[in-house]
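Peer 1: Structure below; questions to follow.
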Protein chains: 2
Amino acid sequence: MSQLNQQQCQACHANAPQIEQSELAELIKLIPDWSSVVRDGVMQLEREFKFTNFKKALAFTNKVGEMAEQQGHHPALLTEWGKVTVTWWSHSIKGLHQNDFICAAKTDQLDD
Amino acid sequence: MSQLNQQQCQACHANAPQIEQSELAELIKLIPDWSSVVRDGVMQLEREFKFTNFKKALAFTNKVGEMAEQQGHHPALLTEWGKVTVTWWSHSIKGLHQNDFICAAKTDQLDD
């Protein structure tokens, strides 16, 4: 569990269980730069990444997009001048799955 | 004015005038697929573009990003699976400038 970024996303179906609150608290510790937010009743993981211009922000969006395609799991990527806000959640279960924590950890690795 | 998409953005400074309401109504008619929204007290232009997957959505984000770099004016681009929400406004005047209408019209041209 400590090597979240080395794990791969698993297929997630509508009847997959959401993460229990106790497990959530443990997983959140592993990605300390992320916040858990609730939007439209859905728990999500969110982090803002800062850059010095628009071009660098868009390049990061593309790196996260490429990883998302590889994992078959897709975030919301808000690209603006100097920043990208990345939000992960699992649409099919309307909440957080371990996949989201894996992808959050993988996103951290792309920020250099 | 009818060929908005042929115009180029002009440098916009903090003391540039915001568009008057009567002019706003005329300009909005020229980009009928866009909505004007008010967020945190700032008027913005917004349109959602639909796609059949994440990859095509991200490709559109890149096309809009390239145009934005050319114009020296940058939107917020929310990329998700199957859609991109594009939002234009002028940070320096905390509202809408003619540049935003020009860029909205140019964005429409990139959707094919």
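The chains in the structure tokens are called A, B, ... from first to last as shown; in each chain the residues are counted from 1, and the ligands are counted from 1 in the order shown.
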At a cut-off of 9 Å, can you tabulate as a Markdown table every residue of chain A near chain B together with its closest atom pair and the distance in Å to one decimal, using only C-alpha atoms and ordering rows by chain then number?
Peer 2:
| residue | atom | partner | partner_atom | distance |
| --- | --- | --- | --- | --- |
| A:Phe54 | CA | B:His74 | CA | 7.5 |
| A:Lys55 | CA | B:Glu69 | CA | 7.7 |
| A:Leu58 | CA | B:Gly65 | CA | 7.3 |
| A:Thr61 | CA | B:Leu58 | CA | 8.6 |
| A:Asn62 | CA | B:Leu58 | CA | 7.5 |
| A:Gly65 | CA | B:Leu58 | CA | 7.3 |
| A:Glu66 | CA | B:Lys55 | CA | 8.7 |
| A:Glu69 | CA | B:Lys55 | CA | 7.7 |
| A:His74 | CA | B:Trp81 | CA | 6.4 |
| A:Pro75 | CA | B:Glu80 | CA | 6.4 |
| A:Ala76 | CA | B:Glu80 | CA | 4.8 |
| A:Leu77 | CA | B:Thr79 | CA | 5.1 |
| A:Leu78 | CA | B:Leu78 | CA | 4.2 |
| A:Thr79 | CA | B:Leu77 | CA | 5.1 |
| A:Glu80 | CA | B:Ala76 | CA | 4.8 |
| A:Trp81 | CA | B:His74 | CA | 6.4 |
Peer 1: Could you dump the residues just selected with N, CA, C and O atoms as an mmCIF file, in the first residue's frame?
Peer 2:
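Saved to part03.cif:
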data_model
loop_
_atom_site.group_PDB
_atom_site.id
_atom_site.type_symbol
_atom_site.label_atom_id
_atom_site.label_comp_id
_atom_site.auth_asym_id
_atom_site.auth_seq_id
_atom_site.Cartn_x
_atom_site.Cartn_y
_atom_site.Cartn_z
ATOM 1 N N PHE A 54 1.452 29.237 -19.412
ATOM 2 C CA PHE A 54 0.363 28.387 -19.906
ATOM 3 C C PHE A 54 0.897 27.131 -20.587
ATOM 4 O O PHE A 54 0.365 26.034 -20.415
ATOM 5 N N LYS A 55 1.976 27.315 -21.360
ATOM 6 C CA LYS A 55 2.528 26.206 -22.143
ATOM 7 C C LYS A 55 2.962 25.047 -21.235
ATOM 8 O O LYS A 55 2.702 23.875 -21.537
ATOM 9 N N LEU A 58 -0.080 23.258 -19.887
ATOM 10 C CA LEU A 58 -0.683 22.382 -20.892
ATOM 11 C C LEU A 58 0.163 21.131 -21.115
ATOM 12 O O LEU A 58 -0.376 20.033 -21.326
ATOM 13 N N THR A 61 -0.771 18.802 -18.388
ATOM 14 C CA THR A 61 -2.082 18.219 -18.700
ATOM 15 C C THR A 61 -1.917 17.032 -19.651
ATOM 16 O O THR A 61 -2.547 15.984 -19.471
ATOM 17 N N ASN A 62 -1.059 17.192 -20.645
ATOM 18 C CA ASN A 62 -0.840 16.104 -21.607
ATOM 19 C C ASN A 62 -0.160 14.894 -20.972
ATOM 20 O O ASN A 62 -0.486 13.753 -21.300
ATOM 21 N N GLY A 65 -2.781 13.193 -19.030
ATOM 22 C CA GLY A 65 -3.712 12.562 -19.972
ATOM 23 C C GLY A 65 -3.166 11.264 -20.542
ATOM 24 O O GLY A 65 -3.894 10.277 -20.684
ATOM 25 N N GLU A 66 -1.872 11.252 -20.816
ATOM 26 C CA GLU A 66 -1.238 10.045 -21.355
ATOM 27 C C GLU A 66 -1.264 8.918 -20.313
ATOM 28 O O GLU A 66 -1.591 7.771 -20.623
ATOM 29 N N GLU A 69 -4.785 7.533 -20.038
ATOM 30 C CA GLU A 69 -5.105 6.608 -21.136
ATOM 31 C C GLU A 69 -4.492 5.232 -20.861
ATOM 32 O O GLU A 69 -5.134 4.202 -21.097
ATOM 33 N N HIS A 74 -9.834 8.143 -16.042
ATOM 34 C CA HIS A 74 -9.659 9.516 -16.532
ATOM 35 C C HIS A 74 -10.092 10.573 -15.517
ATOM 36 O O HIS A 74 -11.190 10.505 -14.972
ATOM 37 N N PRO A 75 -9.250 11.563 -15.302
ATOM 38 C CA PRO A 75 -9.555 12.639 -14.352
ATOM 39 C C PRO A 75 -10.248 13.809 -15.045
ATOM 40 O O PRO A 75 -10.441 13.812 -16.262
ATOM 41 N N ALA A 76 -10.584 14.813 -14.267
ATOM 42 C CA ALA A 76 -10.917 16.131 -14.819
ATOM 43 C C ALA A 76 -9.650 16.966 -14.693
ATOM 44 O O ALA A 76 -9.008 16.982 -13.633
ATOM 45 N N LEU A 77 -9.278 17.617 -15.793
ATOM 46 C CA LEU A 77 -8.037 18.402 -15.848
ATOM 47 C C LEU A 77 -8.388 19.833 -16.208
ATOM 48 O O LEU A 77 -8.773 20.118 -17.342
ATOM 49 N N LEU A 78 -8.272 20.726 -15.247
ATOM 50 C CA LEU A 78 -8.567 22.137 -15.499
ATOM 51 C C LEU A 78 -7.256 22.876 -15.755
ATOM 52 O O LEU A 78 -6.453 23.085 -14.835
ATOM 53 N N THR A 79 -7.035 23.223 -17.023
ATOM 54 C CA THR A 79 -5.788 23.880 -17.430
ATOM 55 C C THR A 79 -6.010 25.378 -17.514
ATOM 56 O O THR A 79 -6.917 25.835 -18.226
ATOM 57 N N GLU A 80 -5.213 26.146 -16.806
ATOM 58 C CA GLU A 80 -5.286 27.605 -16.849
ATOM 59 C C GLU A 80 -3.861 28.152 -16.967
ATOM 60 O O GLU A 80 -2.898 27.390 -16.888
ATOM 61 N N TRP A 81 -3.721 29.462 -17.140
ATOM 62 C CA TRP A 81 -2.395 30.062 -17.198
ATOM 63 C C TRP A 81 -1.700 29.784 -15.872
ATOM 64 O O TRP A 81 -2.153 30.235 -14.818
#
Peer 1: Show which residues sit within 7 Å of segment 4-19 of chain A, as a list of chain:residue names. Count only C-alpha atoms, and ignore same-chain residues fewer than 5 positions away.
Peer 2: A:Leu24, A:Gln71, A:Ser92, A:Ile93, A:Gly95, A:Leu96, A:His97, A:Asn99, A:Ile102, A:Ala105, A:Lys106
Peer 1: Next, dump the selected residues to file, keeping only N, CA, C and O atoms, as a PDB file, in the first residue's frame.
Peer 2:
ATOM      1  N   LEU A  24      -9.981   5.061   3.940  1.00  0.00           N
ATOM      2  CA  LEU A  24      -9.813   6.369   3.299  1.00  0.00           C
ATOM      3  C   LEU A  24      -8.770   7.198   4.050  1.00  0.00           C
ATOM      4  O   LEU A  24      -7.863   7.796   3.451  1.00  0.00           O
ATOM      5  N   GLN A  71      -3.866   3.933 -17.985  1.00  0.00           N
ATOM      6  CA  GLN A  71      -4.553   3.298 -16.858  1.00  0.00           C
ATOM      7  C   GLN A  71      -6.021   3.011 -17.166  1.00  0.00           C
ATOM      8  O   GLN A  71      -6.688   2.312 -16.403  1.00  0.00           O
ATOM      9  N   SER A  92     -18.235   5.500 -11.984  1.00  0.00           N
ATOM     10  CA  SER A  92     -19.123   4.332 -11.932  1.00  0.00           C
ATOM     11  C   SER A  92     -19.641   4.060 -10.528  1.00  0.00           C
ATOM     12  O   SER A  92     -20.746   3.540 -10.363  1.00  0.00           O
ATOM     13  N   ILE A  93     -18.857   4.409  -9.502  1.00  0.00           N
ATOM     14  CA  ILE A  93     -19.324   4.172  -8.126  1.00  0.00           C
ATOM     15  C   ILE A  93     -19.668   5.493  -7.431  1.00  0.00           C
ATOM     16  O   ILE A  93     -19.949   5.513  -6.236  1.00  0.00           O
ATOM     17  N   GLY A  95     -17.860   7.921  -6.388  1.00  0.00           N
ATOM     18  CA  GLY A  95     -17.050   8.165  -5.204  1.00  0.00           C
ATOM     19  C   GLY A  95     -15.625   7.744  -5.444  1.00  0.00           C
ATOM     20  O   GLY A  95     -15.182   7.692  -6.590  1.00  0.00           O
ATOM     21  N   LEU A  96     -14.927   7.436  -4.365  1.00  0.00           N
ATOM     22  CA  LEU A  96     -13.509   7.079  -4.462  1.00  0.00           C
ATOM     23  C   LEU A  96     -13.272   5.581  -4.417  1.00  0.00           C
ATOM     24  O   LEU A  96     -13.812   4.868  -3.562  1.00  0.00           O
ATOM     25  N   HIS A  97     -12.431   5.129  -5.325  1.00  0.00           N
ATOM     26  CA  HIS A  97     -11.997   3.738  -5.441  1.00  0.00           C
ATOM     27  C   HIS A  97     -10.482   3.773  -5.259  1.00  0.00           C
ATOM     28  O   HIS A  97      -9.864   4.826  -5.414  1.00  0.00           O
ATOM     29  N   ASN A  99      -8.340   2.939  -7.229  1.00  0.00           N
ATOM     30  CA  ASN A  99      -7.787   3.458  -8.488  1.00  0.00           C
ATOM     31  C   ASN A  99      -7.471   4.960  -8.407  1.00  0.00           C
ATOM     32  O   ASN A  99      -6.492   5.420  -8.988  1.00  0.00           O
ATOM     33  N   ILE A 102      -4.270   5.494  -6.545  1.00  0.00           N
ATOM     34  CA  ILE A 102      -3.153   5.049  -7.390  1.00  0.00           C
ATOM     35  C   ILE A 102      -2.848   6.135  -8.432  1.00  0.00           C
ATOM     36  O   ILE A 102      -1.698   6.532  -8.624  1.00  0.00           O
ATOM     37  N   ALA A 105      -1.254   9.281  -6.937  1.00  0.00           N
ATOM     38  CA  ALA A 105       0.176   9.064  -6.666  1.00  0.00           C
ATOM     39  C   ALA A 105       0.965   9.090  -7.977  1.00  0.00           C
ATOM     40  O   ALA A 105       2.083   9.633  -8.027  1.00  0.00           O
ATOM     41  N   LYS A 106       0.421   8.503  -9.028  1.00  0.00           N
ATOM     42  CA  LYS A 106       1.102   8.530 -10.332  1.00  0.00           C
ATOM     43  C   LYS A 106       1.169   9.965 -10.878  1.00  0.00           C
ATOM     44  O   LYS A 106       2.143  10.345 -11.522  1.00  0.00           O
TER      45      LYS A 106
END
Peer 1: Can you list, as a PyMOL selection string, all residues belonging to chain A that DSSP tags as helix (DSSP H, G or I)?
Peer 2: chain A and resi 4-6+21-30+54-71+91-93+98-109
Peer 1: Do a neighbour search on Asp108 of chain A at 12 Å with only C-alpha atoms, toss out local chain neighbours closer than 2 positions, and write the hits as a PyMOL selection string.
Peer 2: chain A and resi 4-5+30-34+46-49+60+63-64+67+86+101-106+110-112
Peer 1: I need the chosen residues saved as a PDB file, in the first residue's frame, with N, CA and C atoms.
Peer 2:
ATOM      1  N   LEU A   4       1.893   3.099  -3.684  1.00  0.00           N
ATOM      2  CA  LEU A   4       0.690   3.333  -4.495  1.00  0.00           C
ATOM      3  C   LEU A   4       1.040   3.598  -5.954  1.00  0.00           C
ATOM      4  N   ASN A   5       2.091   4.401  -6.171  1.00  0.00           N
ATOM      5  CA  ASN A   5       2.395   4.807  -7.544  1.00  0.00           C
ATOM      6  C   ASN A   5       2.915   3.669  -8.413  1.00  0.00           C
ATOM      7  N   LEU A  30      -1.091   8.744   2.354  1.00  0.00           N
ATOM      8  CA  LEU A  30      -0.064   8.373   1.371  1.00  0.00           C
ATOM      9  C   LEU A  30       0.074   9.398   0.244  1.00  0.00           C
ATOM     10  N   ILE A  31      -0.913  10.283   0.126  1.00  0.00           N
ATOM     11  CA  ILE A  31      -0.845  11.340  -0.903  1.00  0.00           C
ATOM     12  C   ILE A  31      -1.123  12.684  -0.223  1.00  0.00           C
ATOM     13  N   PRO A  32      -0.149  13.147   0.581  1.00  0.00           N
ATOM     14  CA  PRO A  32      -0.385  14.298   1.462  1.00  0.00           C
ATOM     15  C   PRO A  32      -0.665  15.626   0.756  1.00  0.00           C
ATOM     16  N   ASP A  33      -0.318  15.717  -0.528  1.00  0.00           N
ATOM     17  CA  ASP A  33      -0.539  16.984  -1.232  1.00  0.00           C
ATOM     18  C   ASP A  33      -1.951  17.098  -1.812  1.00  0.00           C
ATOM     19  N   TRP A  34      -2.752  16.054  -1.658  1.00  0.00           N
ATOM     20  CA  TRP A  34      -4.099  16.044  -2.229  1.00  0.00           C
ATOM     21  C   TRP A  34      -5.143  16.349  -1.156  1.00  0.00           C
ATOM     22  N   GLU A  46      -8.369  16.042  -5.108  1.00  0.00           N
ATOM     23  CA  GLU A  46      -8.011  17.196  -5.935  1.00  0.00           C
ATOM     24  C   GLU A  46      -6.660  17.793  -5.518  1.00  0.00           C
ATOM     25  N   ARG A  47      -5.885  18.189  -6.521  1.00  0.00           N
ATOM     26  CA  ARG A  47      -4.620  18.893  -6.256  1.00  0.00           C
ATOM     27  C   ARG A  47      -4.358  19.904  -7.370  1.00  0.00           C
ATOM     28  N   GLU A  48      -3.858  21.070  -6.963  1.00  0.00           N
ATOM     29  CA  GLU A  48      -3.482  22.100  -7.933  1.00  0.00           C
ATOM     30  C   GLU A  48      -1.970  22.073  -8.114  1.00  0.00           C
ATOM     31  N   PHE A  49      -1.538  22.019  -9.365  1.00  0.00           N
ATOM     32  CA  PHE A  49      -0.117  22.045  -9.706  1.00  0.00           C
ATOM     33  C   PHE A  49       0.196  23.400 -10.343  1.00  0.00           C
ATOM     34  N   PHE A  60       1.867  19.604 -18.843  1.00  0.00           N
ATOM     35  CA  PHE A  60       1.560  18.719 -17.713  1.00  0.00           C
ATOM     36  C   PHE A  60       0.206  18.040 -17.916  1.00  0.00           C
ATOM     37  N   LYS A  63       0.767  15.156 -20.053  1.00  0.00           N
ATOM     38  CA  LYS A  63       1.426  14.030 -19.382  1.00  0.00           C
ATOM     39  C   LYS A  63       0.422  13.249 -18.530  1.00  0.00           C
ATOM     40  N   VAL A  64      -0.435  13.983 -17.821  1.00  0.00           N
ATOM     41  CA  VAL A  64      -1.440  13.302 -16.995  1.00  0.00           C
ATOM     42  C   VAL A  64      -2.436  12.561 -17.909  1.00  0.00           C
ATOM     43  N   MET A  67      -0.948   9.254 -19.074  1.00  0.00           N
ATOM     44  CA  MET A  67      -0.993   8.265 -18.002  1.00  0.00           C
ATOM     45  C   MET A  67      -2.426   7.751 -17.816  1.00  0.00           C
ATOM     46  N   VAL A  86      -6.076  18.999 -10.958  1.00  0.00           N
ATOM     47  CA  VAL A  86      -6.372  17.609 -11.317  1.00  0.00           C
ATOM     48  C   VAL A  86      -7.365  17.040 -10.307  1.00  0.00           C
ATOM     49  N   PHE A 101      -6.613   6.763  -5.834  1.00  0.00           N
ATOM     50  CA  PHE A 101      -5.413   7.002  -5.038  1.00  0.00           C
ATOM     51  C   PHE A 101      -4.160   6.600  -5.820  1.00  0.00           C
ATOM     52  N   ILE A 102      -4.270   5.494  -6.545  1.00  0.00           N
ATOM     53  CA  ILE A 102      -3.153   5.049  -7.390  1.00  0.00           C
ATOM     54  C   ILE A 102      -2.848   6.135  -8.432  1.00  0.00           C
ATOM     55  N   CYS A 103      -3.898   6.637  -9.066  1.00  0.00           N
ATOM     56  CA  CYS A 103      -3.685   7.650 -10.120  1.00  0.00           C
ATOM     57  C   CYS A 103      -3.224   8.991  -9.544  1.00  0.00           C
ATOM     58  N   ALA A 104      -3.671   9.338  -8.350  1.00  0.00           N
ATOM     59  CA  ALA A 104      -3.185  10.567  -7.700  1.00  0.00           C
ATOM     60  C   ALA A 104      -1.681  10.437  -7.443  1.00  0.00           C
ATOM     61  N   ALA A 105      -1.254   9.281  -6.937  1.00  0.00           N
ATOM     62  CA  ALA A 105       0.176   9.064  -6.666  1.00  0.00           C
ATOM     63  C   ALA A 105       0.965   9.090  -7.977  1.00  0.00           C
ATOM     64  N   LYS A 106       0.421   8.503  -9.028  1.00  0.00           N
ATOM     65  CA  LYS A 106       1.102   8.530 -10.332  1.00  0.00           C
ATOM     66  C   LYS A 106       1.169   9.965 -10.878  1.00  0.00           C
ATOM     67  N   LEU A 110       4.559  12.797 -12.056  1.00  0.00           N
ATOM     68  CA  LEU A 110       4.709  13.464 -13.355  1.00  0.00           C
ATOM     69  C   LEU A 110       5.090  14.934 -13.217  1.00  0.00           C
ATOM     70  N   ASP A 111       5.044  15.438 -11.988  1.00  0.00           N
ATOM     71  CA  ASP A 111       5.335  16.851 -11.739  1.00  0.00           C
ATOM     72  C   ASP A 111       6.826  17.000 -11.422  1.00  0.00           C
ATOM     73  N   ASP A 112       7.578  17.507 -12.394  1.00  0.00           N
ATOM     74  CA  ASP A 112       9.015  17.623 -12.139  1.00  0.00           C
ATOM     75  C   ASP A 112       9.522  19.029 -12.432  1.00  0.00           C
TER      76      ASP A 112
END
Peer 1: If you run DSSP on the backbone here, which positions in chain B get strand (DSSP E)? Please write them as a compact mmCIF listing (two decimals) with C-alpha atoms, in the first residue's frame.
Peer 2:
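out-v3.txt, freshly written:
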# COMPACT_ATOMS: atom_id res chain seq x y z
CA SER B 35 -23.33 31.18 -22.68
CA SER B 36 -22.44 34.14 -20.56
CA VAL B 37 -21.91 33.07 -16.97
CA VAL B 38 -21.01 35.05 -13.87
CA ARG B 39 -18.50 33.40 -11.55
CA VAL B 42 -16.78 38.07 -13.10
CA MET B 43 -18.67 37.73 -16.38
CA GLN B 44 -17.29 34.93 -18.56
CA LEU B 45 -18.07 33.18 -21.85
CA GLU B 46 -18.47 29.41 -21.67
CA ARG B 47 -19.15 26.53 -24.05
CA GLU B 48 -18.99 22.75 -23.66
CA PHE B 49 -17.66 20.75 -26.63
CA LYS B 50 -18.52 17.03 -26.81
CA ALA B 76 -9.67 27.90 -18.68
CA LEU B 77 -9.89 24.47 -20.34
CA LEU B 78 -11.64 21.73 -18.38
CA THR B 79 -10.82 18.42 -20.07
CA GLU B 80 -12.88 15.37 -19.10
CA LYS B 83 -15.94 16.79 -23.24
CA VAL B 84 -14.02 20.03 -22.93
CA THR B 85 -15.51 23.09 -21.25
CA VAL B 86 -13.87 26.26 -22.55
CA THR B 87 -14.18 29.51 -20.55
CA TRP B 88 -12.93 32.87 -21.76
